[in-house]
Amino acid sequence: MSKFKVKNQAGVVLFICLVMLLLLTLLGVSSIQTTSLEQVMARNAVDSNLAFQAAEAALLDGEDFVEGLVTTNAFNAAGASASGLYNDAGPGIQPNWLAIDWEGANFRLADTAITGVVNQPKYIVEFVTVVVPQTDVLNLDNIGQDAGLGRTQIFRVTARGEGGTANARAMIQSTYGKRL
């Protein structure tokens, strides 16, 4: 006979191992969920950034269009709104950039093609007003001079871009002044 007594085993070690295994499994599952969520957040950030860059490209194209104008007659021509040219709606009236159907056809497509987007960026141009500086008003001090040299036409360019999915949209505006 041996001098050591054999004790009955109660299975405590097995129970502790199972609890530890359960804790490690929960830790692993929560890590996978966190990583998946971070991937979705990163993908959404890239998508919204792409939408903003597309809208910015369209905005620059719209400003280039305004820079090329020599008159505002195109804004009053028949079918001007069908080509994305509008007169300002005025105070108290829903602005054109909110009223139009951006999925329809009353806008201008940007000249710059963007890869990786659902739809190419688009823009509209609104003729807002004419600003006449106080010094340009015809009075006794400038008789015989050409009035109107200081008149600045104000335009609003609104651009809309979409990212890799239709859920990521960006809309930006600029106000552009030009002497015609």
# chains A, B, ... in the order shown; residues from 1 in each chain; ligands from 1
call {"tool": "closest_atom_pairs", "arguments": {"of": "stretch 105-124 of chain A", "to": "stretch 44-61 of chain A", "cutoff": "8 Å", "atoms": "only C-alpha atoms", "output": "Markdown table"}}
result
| residue | atom | partner | partner_atom | distance |
| --- | --- | --- | --- | --- |
| A:Leu109 | CA | A:Ala58 | CA | 7.6 |
| A:Ala110 | CA | A:Ala58 | CA | 4.9 |
| A:Asp111 | CA | A:Asp61 | CA | 6.4 |
| A:Thr112 | CA | A:Ala57 | CA | 6.6 |
| A:Ile114 | CA | A:Ala54 | CA | 6.5 |
| A:Val117 | CA | A:Leu50 | CA | 7.5 |
| A:Gln120 | CA | A:Ala54 | CA | 7.6 |
| A:Pro121 | CA | A:Ala54 | CA | 5.6 |
| A:Lys122 | CA | A:Ala58 | CA | 5.8 |
| A:Tyr123 | CA | A:Ala58 | CA | 6.0 |
call {"tool": "write_last_selection", "arguments": {"atoms": "C-alpha atoms", "output": "compact mmCIF listing (two decimals), in the first residue's frame"}}
result
# COMPACT_ATOMS: atom_id res chain seq x y z
CA LEU A 109 -24.14 66.50 -65.76
CA ALA A 110 -20.63 67.33 -64.68
CA ASP A 111 -17.98 67.25 -67.38
CA THR A 112 -15.62 65.44 -65.04
CA ILE A 114 -15.84 60.08 -61.60
CA VAL A 117 -19.82 56.15 -58.17
CA GLN A 120 -22.24 60.72 -62.24
CA PRO A 121 -22.30 64.05 -60.36
CA LYS A 122 -24.69 66.77 -61.48
CA TYR A 123 -25.29 70.44 -60.85
call {"tool": "atom_distance", "arguments": {"atom1": "atom CA of A:Asn167", "atom2": "atom CA of A:Val118"}}
result
9.7 Å
call {"tool": "residues_around", "arguments": {"residues": "stretch 153-159 of chain A", "least_positions_apart": "4", "cutoff": "9 Å", "atoms": "only C-alpha atoms", "output": "ChimeraX atom specification"}}
result
/A:54-60,62-63,66,72,88,97,110,121-132,170-180
call {"tool": "atom_distance", "arguments": {"atom1": "atom CA of A:Leu27", "atom2": "atom CA of A:Leu14"}}
result
20.0 Å
call {"tool": "residues_around", "arguments": {"residues": "stretch 78-81 of chain A", "least_positions_apart": "4", "cutoff": "6 Å", "atoms": "only C-alpha atoms", "output": "compact mmCIF listing (two decimals) with N, CA and C atoms, in the first residue's frame"}}
result
# COMPACT_ATOMS: atom_id res chain seq x y z
N LEU A 85 -30.56 75.39 -65.83
CA LEU A 85 -30.40 76.82 -65.59
C LEU A 85 -31.71 77.37 -65.03
N TYR A 86 -31.63 78.06 -63.91
CA TYR A 86 -32.81 78.55 -63.23
C TYR A 86 -32.60 80.01 -62.82
N ASN A 106 -33.68 67.65 -65.02
CA ASN A 106 -33.55 69.10 -64.96
C ASN A 106 -32.27 69.55 -64.27
call {"tool": "select_by_dssp", "arguments": {"residues": "stretch 20-86 of chain A", "states": "helix (DSSP H, G or I)", "output": "count of residues only"}}
result
54
call {"tool": "closest_residue", "arguments": {"among": "A:Gln94, A:Ser30, A:Thr165, A:Thr25", "to": "A:Gly116", "atoms": "only C-alpha atoms"}}
result
A:Thr165
call {"tool": "select_by_dssp", "arguments": {"residues": "stretch 34-146 of chain A", "states": "strand (DSSP E)", "output": "PyMOL selection string"}}
result
chain A and resi 85-87+108-109+122-131
call {"tool": "atom_distance", "arguments": {"atom1": "atom CA of A:Gln33", "atom2": "atom CA of A:Ala168"}}
result
23.4 Å
call {"tool": "decode", "arguments": {"residues": "stretch 61-103 of chain A", "atoms": "C-alpha atoms", "output": "short mmCIF file (atom, residue, chain, number, x, y, z; two decimals), in the first residue's frame"}}
result
data_model
loop_
_atom_site.label_atom_id
_atom_site.label_comp_id
_atom_site.auth_asym_id
_atom_site.auth_seq_id
_atom_site.Cartn_x
_atom_site.Cartn_y
_atom_site.Cartn_z
CA ASP A 61 -17.61 72.30 -63.41
CA GLY A 62 -20.60 74.53 -62.58
CA GLU A 63 -18.31 77.41 -61.65
CA ASP A 64 -16.41 76.90 -64.91
CA PHE A 65 -19.74 77.09 -66.75
CA VAL A 66 -20.57 80.40 -65.03
CA GLU A 67 -17.10 81.72 -65.81
CA GLY A 68 -17.76 81.07 -69.50
CA LEU A 69 -21.03 83.03 -69.56
CA VAL A 70 -21.15 86.30 -71.46
CA THR A 71 -24.83 87.05 -70.83
CA THR A 72 -27.68 85.88 -68.61
CA ASN A 73 -30.13 85.41 -71.50
CA ALA A 74 -29.86 81.60 -71.26
CA PHE A 75 -31.60 81.71 -67.86
CA ASN A 76 -34.71 83.31 -69.40
CA ALA A 77 -34.79 81.18 -72.56
CA ALA A 78 -37.45 78.56 -73.14
CA GLY A 79 -36.38 75.23 -71.72
CA ALA A 80 -33.70 76.77 -69.50
CA SER A 81 -34.76 74.68 -66.51
CA ALA A 82 -34.53 71.52 -68.60
CA SER A 83 -30.84 72.30 -69.09
CA GLY A 84 -30.22 73.01 -65.39
CA LEU A 85 -30.40 76.82 -65.59
CA TYR A 86 -32.81 78.55 -63.23
CA ASN A 87 -33.71 81.99 -61.98
CA ASP A 88 -33.74 82.32 -58.19
CA ALA A 89 -37.10 81.30 -56.75
CA GLY A 90 -37.20 84.35 -54.49
CA PRO A 91 -37.82 84.78 -50.78
CA GLY A 92 -40.49 82.60 -49.21
CA ILE A 93 -40.55 80.15 -52.11
CA GLN A 94 -38.96 76.71 -52.03
CA PRO A 95 -35.49 76.98 -53.61
CA ASN A 96 -34.92 75.33 -56.97
CA TRP A 97 -32.26 72.99 -55.62
CA LEU A 98 -34.85 71.55 -53.21
CA ALA A 99 -37.74 71.55 -55.66
CA ILE A 100 -36.15 69.74 -58.60
CA ASP A 101 -36.06 65.99 -59.07
CA TRP A 102 -32.36 65.13 -58.97
CA GLU A 103 -33.18 61.73 -60.44
#
